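For reference, start18.txt (compact mmCIF, C-alpha atoms and all ligand atoms):
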```txt
# COMPACT_ATOMS: atom_id res chain seq x y z
CA MET A 1 0.00 0.00 0.00
CA LYS A 2 1.68 3.19 -1.13
CA TYR A 3 -0.71 5.45 0.70
CA THR A 4 0.18 6.57 4.21
CA ILE A 5 -1.22 9.26 6.43
CA PRO A 6 0.60 10.52 9.53
CA SER A 7 -1.23 9.56 12.71
CA LEU A 8 -3.07 6.73 11.01
CA ILE A 9 -2.23 3.08 11.47
CA ALA A 10 -3.02 0.79 8.58
CA ILE A 11 -4.56 -2.52 9.56
CA PRO A 12 -5.07 -4.99 6.70
CA VAL A 13 -8.40 -6.69 7.22
CA VAL A 14 -9.17 -8.43 3.98
CA ALA A 15 -7.19 -8.74 0.80
CA GLY A 16 -7.12 -5.52 -1.13
CA VAL A 17 -8.93 -3.48 1.47
CA THR A 18 -7.20 -1.52 4.18
CA TYR A 19 -8.89 -0.22 7.26
CA PHE A 20 -7.44 2.67 9.17
CA SER A 21 -7.34 3.06 12.88
CA ILE A 22 -7.28 6.71 13.77
CA ASN A 23 -5.60 8.00 16.88
CA ALA A 24 -8.23 9.52 19.09
CA SER A 25 -7.79 13.20 19.58
CA SER A 26 -9.88 15.59 21.54
CA GLY A 27 -9.20 18.87 19.75
CA GLU A 28 -10.97 22.07 20.53
CA GLU A 29 -14.20 22.71 18.66
CA SER A 30 -13.90 25.01 15.73
CA THR A 31 -16.18 28.00 15.35
CA GLN A 32 -19.32 27.03 13.46
CA LYS A 33 -21.26 29.28 11.15
CA SER A 34 -24.59 27.60 11.57
CA GLU A 35 -26.52 27.20 14.77
CA ASN A 36 -27.83 23.94 13.36
CA THR A 37 -24.34 22.51 13.53
CA LYS A 38 -23.80 20.95 16.88
CA THR A 39 -20.22 19.90 17.34
CA GLU A 40 -18.81 17.56 19.88
CA THR A 41 -15.69 15.59 20.41
CA VAL A 42 -16.16 12.04 19.21
CA ASP A 43 -14.53 8.79 20.15
CA ARG A 44 -12.88 7.40 17.06
CA VAL A 45 -13.70 3.99 15.70
CA PRO A 46 -11.49 2.14 13.21
CA GLY A 47 -11.93 3.68 9.79
CA ALA A 48 -13.68 6.81 11.03
CA PRO A 49 -12.66 10.10 9.48
CA PRO A 50 -10.59 12.52 11.51
CA SER A 51 -12.69 15.57 12.21
CA ASN A 52 -14.25 16.67 15.44
CA LYS A 53 -17.35 17.80 13.58
CA TYR A 54 -18.85 14.34 13.22
CA ARG A 55 -21.35 13.10 15.74
CA LYS A 56 -20.26 10.08 17.72
CA ILE A 57 -19.93 7.02 15.49
CA VAL A 58 -21.28 3.87 17.11
CA LEU A 59 -21.03 0.82 14.88
CA ASN A 60 -23.95 -1.59 15.18
CA ASN A 61 -23.01 -5.23 14.68
CA ASP A 62 -26.55 -6.06 13.58
CA TYR A 63 -25.74 -4.29 10.33
CA ASN A 64 -23.41 -5.66 7.70
CA HIS A 65 -23.21 -2.95 5.06
CA THR A 66 -20.85 -4.85 2.77
CA LYS A 67 -22.42 -8.27 3.31
CA TRP A 68 -22.49 -9.28 -0.37
CA GLY A 69 -18.96 -8.15 -1.11
CA ILE A 70 -17.38 -5.49 -3.32
CA GLY A 71 -14.25 -6.27 -5.27
CA LYS A 72 -10.68 -5.29 -4.70
CA THR A 73 -9.94 -1.67 -4.22
CA ASP A 74 -6.90 0.36 -3.24
CA ASP A 75 -9.03 3.22 -2.02
CA LEU A 76 -9.84 4.25 1.55
CA ILE A 77 -12.57 2.60 3.56
CA PHE A 78 -14.42 4.61 6.20
CA ASN A 79 -16.93 3.06 8.55
CA PHE A 80 -19.94 4.99 9.75
CA ALA A 81 -22.87 3.59 11.70
CA ALA A 82 -25.24 3.75 8.74
CA TYR A 83 -22.86 3.05 5.86
CA THR A 84 -19.39 2.16 4.68
CA THR A 85 -17.75 4.41 2.11
CA CYS A 86 -14.75 3.80 -0.11
CA PHE A 87 -13.18 7.13 -1.04
CA ASP A 88 -10.87 7.60 -4.01
CA THR A 89 -7.18 8.04 -3.23
CA GLU A 90 -4.04 8.63 -5.26
CA ASP A 91 -4.46 5.33 -7.06
CA ASP A 92 -4.07 5.65 -10.81
CA ASP A 93 -7.68 5.39 -12.00
CA ASN A 94 -7.05 6.66 -15.53
CA GLY A 95 -4.02 4.44 -16.09
CA ASP A 96 -1.58 7.19 -17.11
CA GLY A 97 0.99 6.09 -14.55
CA LYS A 98 0.38 9.09 -12.29
CA PRO A 99 -1.71 9.40 -9.14
CA ASP A 100 -5.13 10.97 -9.59
CA PHE A 101 -7.79 12.17 -7.18
CA LEU A 102 -11.45 12.12 -8.11
CA GLY A 103 -12.65 13.83 -4.94
CA VAL A 104 -15.60 11.43 -4.66
CA PRO A 105 -16.29 8.01 -3.17
CA GLU A 106 -15.90 5.01 -5.48
CA TRP A 107 -18.78 3.29 -3.72
CA VAL A 108 -20.94 3.61 -0.65
CA ALA A 109 -22.62 0.52 0.80
CA PHE A 110 -25.39 0.40 3.37
CA GLU A 111 -27.92 -1.95 4.85
CA ILE A 112 -31.37 -0.52 5.53
CA LYS A 113 -33.62 -2.31 7.97
CA HIS A 114 -37.36 -2.31 8.49
CA PHE A 115 -38.53 0.66 10.55
CA GLU A 116 -41.68 0.91 12.64
CA GLY A 117 -43.16 4.10 13.90
CA THR A 118 -42.85 7.72 12.97
CA MET A 119 -39.46 9.05 12.02
CA PRO A 120 -38.58 12.25 13.89
CA ASN A 121 -37.67 15.12 11.58
CA TYR A 122 -34.00 15.47 12.49
CA LYS A 123 -32.27 18.65 11.39
CA ARG A 124 -29.91 18.60 8.44
CA PRO A 125 -26.42 19.75 9.45
CA SER A 126 -24.66 22.49 7.53
CA PRO A 127 -22.02 22.86 6.26
CA TRP A 128 -21.19 19.35 5.14
CA MET A 129 -18.20 17.69 6.80
CA THR A 130 -15.02 16.33 5.29
CA ASP A 131 -11.98 14.36 6.40
CA ASP A 132 -9.49 16.93 7.66
CA ILE A 133 -6.39 14.91 6.75
CA LEU A 134 -7.55 14.08 3.22
CA TYR A 135 -8.66 17.69 2.73
CA GLY A 136 -5.24 18.91 3.90
CA LYS A 137 -3.67 16.63 1.29
CA LYS A 138 -6.08 17.96 -1.40
CA MET A 139 -7.52 14.48 -1.80
CA ALA A 140 -11.02 15.25 -0.53
CA PRO A 141 -13.04 18.42 -1.05
CA ASN A 142 -14.76 20.33 1.68
CA ASP A 143 -18.14 22.01 1.49
CA ASP A 144 -16.71 25.01 -0.40
CA THR A 145 -16.29 22.90 -3.53
CA TYR A 146 -20.04 22.38 -3.69
CA ALA A 147 -20.97 25.92 -2.60
CA VAL A 148 -21.11 27.50 -6.04
CA SER A 149 -22.74 24.48 -7.62
CA GLY A 150 -21.48 25.26 -11.10
CA THR A 151 -18.54 23.74 -12.87
CA SER A 152 -15.30 25.66 -13.21
CA GLU A 153 -16.49 26.76 -16.65
CA MET A 154 -20.09 27.54 -15.82
CA LYS A 155 -19.34 29.34 -12.52
CA ILE A 156 -22.74 30.06 -11.06
CA VAL A 157 -25.80 28.14 -12.08
CA ASN A 158 -28.93 29.09 -10.22
CA SER A 159 -31.29 26.68 -11.82
CA ASN A 160 -32.36 23.14 -11.14
CA SER A 161 -29.54 22.17 -13.47
CA ARG A 162 -26.87 22.99 -10.92
CA PHE A 163 -24.75 20.31 -9.34
CA VAL A 164 -25.39 19.62 -5.68
CA ARG A 165 -24.08 17.24 -3.03
CA GLY A 166 -25.79 14.01 -3.90
CA HIS A 167 -26.09 11.73 -0.88
CA MET A 168 -25.03 8.19 -1.74
CA CYS A 169 -26.39 6.86 1.57
CA PRO A 170 -29.43 9.05 2.07
CA LYS A 171 -30.05 10.77 5.38
CA ASN A 172 -33.58 9.41 5.70
CA ALA A 173 -32.32 5.81 5.57
CA ALA A 174 -29.56 6.54 8.09
CA ASP A 175 -31.98 8.38 10.40
CA ARG A 176 -33.55 4.97 11.05
CA MET A 177 -30.45 4.22 13.13
CA GLY A 178 -30.78 7.44 15.11
CA GLU A 179 -30.08 11.14 14.83
CA ASP A 180 -26.29 10.83 14.98
CA ALA A 181 -26.20 8.22 12.21
CA GLY A 182 -28.27 10.49 9.95
CA TYR A 183 -26.20 13.54 10.84
CA ASN A 184 -23.04 11.74 9.75
CA THR A 185 -24.34 11.26 6.21
CA HIS A 186 -23.66 14.95 5.57
CA THR A 187 -20.05 14.46 4.59
CA VAL A 188 -18.34 14.78 1.23
CA LEU A 189 -17.12 11.23 1.87
CA ASN A 190 -20.73 10.24 1.11
CA ALA A 191 -21.40 12.64 -1.78
CA VAL A 192 -20.95 13.00 -5.51
CA PRO A 193 -21.85 16.04 -7.64
CA GLN A 194 -25.35 15.31 -8.88
CA LEU A 195 -27.79 17.44 -10.85
CA GLN A 196 -30.30 19.01 -8.50
CA LEU A 197 -33.23 18.05 -10.74
CA GLN A 198 -32.15 14.44 -10.47
CA ASN A 199 -31.20 14.54 -6.78
CA ASN A 200 -34.59 15.95 -5.91
CA GLY A 201 -36.37 13.94 -8.59
CA ILE A 202 -35.91 10.41 -9.79
CA TRP A 203 -33.02 9.68 -7.39
CA LYS A 204 -35.16 10.69 -4.43
CA THR A 205 -37.95 8.45 -5.68
CA LEU A 206 -35.57 5.49 -5.78
CA GLU A 207 -34.30 6.33 -2.29
CA GLN A 208 -37.90 6.14 -1.10
CA ASN A 209 -38.34 2.83 -2.91
CA CYS A 210 -35.31 1.47 -1.04
CA THR A 211 -36.70 2.33 2.42
CA ASP A 212 -40.08 0.93 1.35
CA TRP A 213 -38.38 -2.32 0.27
CA ALA A 214 -36.55 -2.47 3.62
CA ASP A 215 -39.92 -2.22 5.35
CA LYS A 216 -41.35 -4.92 3.11
CA TYR A 217 -38.47 -7.40 3.26
CA GLY A 218 -36.87 -6.66 6.65
CA SER A 219 -33.50 -5.69 5.17
CA VAL A 220 -32.10 -4.50 1.89
CA TRP A 221 -28.48 -3.84 1.00
CA VAL A 222 -27.67 -0.93 -1.29
CA ILE A 223 -24.48 -0.01 -3.10
CA SER A 224 -24.37 3.42 -4.67
CA GLY A 225 -21.75 5.51 -6.40
CA PRO A 226 -20.49 7.36 -9.46
CA ALA A 227 -19.71 6.03 -12.93
CA PHE A 228 -17.29 7.63 -15.38
CA PHE A 229 -17.59 6.57 -18.98
CA LYS A 230 -14.19 7.84 -20.07
CA LYS A 231 -10.74 7.52 -18.55
CA ASN A 232 -10.78 11.14 -17.46
CA PRO A 233 -13.84 12.88 -15.99
CA SER A 234 -15.63 15.16 -18.45
CA MET A 235 -16.26 17.90 -15.91
CA TRP A 236 -15.08 18.96 -12.50
CA LEU A 237 -16.88 20.80 -9.74
CA GLY A 238 -15.02 23.47 -7.81
CA GLN A 239 -13.43 26.87 -8.17
CA SER A 240 -9.82 28.01 -8.21
CA GLY A 241 -8.03 27.05 -5.00
CA GLU A 242 -10.59 24.45 -4.01
CA VAL A 243 -10.17 20.70 -4.07
CA MET A 244 -12.04 19.60 -7.18
CA SER A 245 -14.62 16.86 -7.33
CA ALA A 246 -15.11 14.89 -10.51
CA ILE A 247 -18.65 15.13 -11.89
CA PRO A 248 -19.80 11.61 -12.70
CA ASP A 249 -21.35 10.79 -16.05
CA ALA A 250 -23.85 8.61 -14.22
CA VAL A 251 -24.79 7.44 -10.76
CA TYR A 252 -25.75 3.89 -9.92
CA LYS A 253 -27.63 2.00 -7.25
CA ILE A 254 -27.65 -1.75 -6.74
CA VAL A 255 -30.27 -3.08 -4.33
CA ILE A 256 -30.03 -6.60 -2.93
CA ARG A 257 -32.40 -8.62 -0.80
CA GLU A 258 -32.37 -12.16 0.47
CA ASN A 259 -34.70 -14.68 -1.13
CA PRO A 260 -34.32 -18.31 -0.02
CA ASN A 261 -36.53 -19.39 -2.93
CA SER A 262 -34.22 -17.95 -5.55
CA GLU A 263 -31.48 -20.04 -7.16
CA THR A 264 -28.82 -17.63 -5.92
CA GLY A 265 -30.38 -16.99 -2.51
CA ILE A 266 -30.77 -13.31 -3.32
CA GLU A 267 -32.55 -10.93 -5.66
CA CYS A 268 -30.83 -7.92 -7.19
CA ILE A 269 -32.15 -4.87 -8.93
CA ALA A 270 -29.77 -2.30 -10.41
CA PHE A 271 -30.18 1.21 -11.81
CA LEU A 272 -27.95 3.57 -13.74
CA PHE A 273 -29.03 7.19 -14.14
CA PRO A 274 -27.13 9.42 -16.55
CA ASN A 275 -26.19 12.59 -14.64
CA ILE A 276 -27.84 14.67 -17.35
CA ILE A 277 -31.35 13.31 -17.50
CA ASP A 278 -34.25 15.70 -17.84
CA SER A 279 -36.54 16.48 -14.94
CA LYS A 280 -39.45 15.03 -16.92
CA GLU A 281 -37.89 11.59 -16.48
CA LYS A 282 -39.85 10.18 -13.57
CA VAL A 283 -40.10 6.45 -14.24
CA VAL A 284 -37.41 4.77 -12.16
CA SER A 285 -37.80 1.42 -13.93
CA ASP A 286 -36.74 2.99 -17.25
CA PHE A 287 -33.21 3.09 -15.81
CA LEU A 288 -33.18 -0.50 -14.67
CA THR A 289 -30.08 -2.37 -15.80
CA SER A 290 -27.97 -5.38 -14.79
CA VAL A 291 -25.22 -5.56 -12.19
CA ASP A 292 -22.94 -6.66 -15.02
CA GLN A 293 -23.50 -3.35 -16.84
CA ILE A 294 -22.65 -1.43 -13.70
CA GLU A 295 -19.50 -3.50 -13.25
CA LYS A 296 -18.51 -2.59 -16.81
CA VAL A 297 -18.88 1.17 -16.33
CA THR A 298 -17.42 1.35 -12.82
CA HIS A 299 -14.65 -1.27 -13.17
CA LEU A 300 -15.73 -2.54 -9.77
CA THR A 301 -16.97 -6.03 -8.98
CA PHE A 302 -20.01 -6.74 -6.86
CA LEU A 303 -21.53 -9.77 -5.12
CA THR A 304 -18.04 -11.13 -4.53
CA LYS A 305 -19.20 -13.07 -1.46
CA LEU A 306 -21.48 -15.20 -3.63
CA PRO A 307 -20.06 -18.43 -5.07
CA ASP A 308 -18.83 -17.75 -8.64
CA ALA A 309 -21.59 -19.70 -10.36
CA LYS A 310 -24.32 -17.87 -8.45
CA LYS A 311 -22.70 -14.51 -9.02
CA ALA A 312 -22.45 -15.22 -12.75
CA LEU A 313 -26.15 -16.02 -12.80
CA GLU A 314 -27.19 -13.00 -10.78
CA ILE A 315 -25.24 -10.24 -12.51
CA VAL A 316 -26.70 -10.79 -15.97
CA LYS A 317 -30.31 -10.77 -14.80
CA ASN A 318 -32.53 -8.09 -16.32
CA GLU A 319 -30.34 -7.49 -19.33
CA GLY A 320 -31.87 -6.43 -22.64
CA LEU A 321 -35.37 -5.88 -21.30
CA THR A 322 -37.99 -3.68 -22.92
CA ALA A 323 -39.47 -0.79 -20.96
CA GLU A 324 -42.54 -2.91 -20.22
CA GLN A 325 -40.45 -5.83 -19.01
CA LYS A 326 -38.41 -3.51 -16.81
CA LYS A 327 -41.58 -2.16 -15.30
CA ALA A 328 -42.77 -5.69 -14.59
CA VAL A 329 -39.48 -6.59 -12.84
CA PHE A 330 -39.63 -3.38 -10.82
CA ASN A 331 -43.23 -3.98 -9.82
CA GLN A 332 -42.37 -7.45 -8.54
CA TRP A 333 -40.20 -5.88 -5.86
CA CA B 401 -9.64 4.91 -7.16
CA CA B 402 -7.58 7.86 -7.81
CA CA B 403 -3.59 8.80 -13.23
```

Take the structure in the file and give it back as structure tokens.
Amino acid sequence: MKYTIPSLIAIPVVAGVTYFSINASSGEESTQKSENTKTETVDRVPGAPPSNKYRKIVLNNDYNHTKWGIGKTDDLIFNFAAYTTCFDTEDDDNGDGKPDFLGVPEWVAFEIKHFEGTMPNYKRPSPWMTDDILYGKKMAPNDDTYAVSGTSEMKIVNSNSRFVRGHMCPKNAADRMGEDAGYNTHTVLNAVPQLQLQNNGIWKTLEQNCTDWADKYGSVWVISGPAFFKKNPSMWLGQSGEVMSAIPDAVYKIVIRENPNSETGIECIAFLFPNIIDSKEKVVSDFLTSVDQIEKVTHLTFLTKLPDAKKALEIVKNEGLTAEQKKAVFNQW
């Protein structure tokens, strides 16, 4: 592993994935702009980001966010109560022999469980948090990068077409684990630049579908992240002097549930939304695809904990369907 951070201790856990244990520090609170932002010193857990702005991270062993496996990565894993995120590092993603930083997570994985009762309306923290060490190394943005919400060329875009912080693990799913778990979704470690019309449109609809499916089936596992169709990102978010975030060409979600009656023991449904779709696009099932297609555009591998034969069967499901067939698959969930 070529990547080292002072004050972090690398602990290999599984092949290809490195977890970081962070030395606990109890620094003074920084001055906050917003009264909504409550800061407190947190006890660090392995893989937690260094910043005293996060609420306390308490991992719950009843959740296994990466249960179905995600393939080898050289990027950085961070564990939060409600999700696990894998943030891009200096690994050479475009293959030019030089380190590159995308400023976004490669994937975010989270289990959502059934929830009974009425969800309290927890406040949304502002500004969003970052990882202070990665930010200092210009590897992760902070909230400033997203503040203007235009690209470096477009500067300010005040319409629905602006790019915003797109939650990969949504706050409303994390809120099911408590206020602190939801609070801690507001970090750039859990965000990619996403068009506002999509973030507040079809993406939000799918997020709601996911919590509904968790209620229906007891648990669902979701993997969400950016896809880049070319070796180098087409556009970047951020202004001069800021750490840039690559604007994905598309964002994906893979949803998995257990099904003892299925040949593979699970059911998967996968979606890929181009990051340019029009606000009139409202039918989530139109963007249904296969896990295999998402593997091809992300260069990641999923369902790695399944035996090879079952994985092979599962990832090609739902390929080449018509819009009507996609709708039928979606409606079966
Ligand atoms: Ca990477
Ligand atoms: Ca990289
Ligand atoms: Ca490179």

Could you pull out the residues sitting within 10 Å of ligand CA 401 (chain B), using only C-alpha atoms and all ligand atoms, and write them as a ChimeraX atom specification? /A:73-76,86-94,99-107,299-300

Exercise: Ile57 of chain A partners within 7 Å, all atoms listed in the file, chain neighbours under 4 positions left out, as a PyMOL selection string: chain A and resi 45+80-81

Taking into account all atoms listed in the file, which residue in the set A:Lys67, A:Lys231, A:Lys56, A:Lys204 is nearest to ligand CA 402 (chain B)?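 When distances to ligand CA 402 (chain B) are compared using all atoms listed in the file, the smallest one comes from A:Lys231.
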
Point-to-point distance in Å for atom CA of Ile315 of chain A and atom CA of Ala270 of chain A: 9.4 Å

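Atom CA of Ser285 of chain A lies 8.7 Å from atom CA of Ala328 of chain A.
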
Which one is closest to Thr185 of chain A: A:Ile133, A:Leu197, A:Ala173, A:Leu237? Count all atoms listed in the file.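 Among A:Ile133, A:Leu197, A:Ala173, A:Leu237, it is A:Ala173 that comes nearest to Thr185 of chain A.
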
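Counting all atoms listed in the file and comparing A:Lys98, A:Phe229, A:Ala214, A:Asp308, the residue that lies closest to ligand CA 403 (chain B) is A:Lys98.
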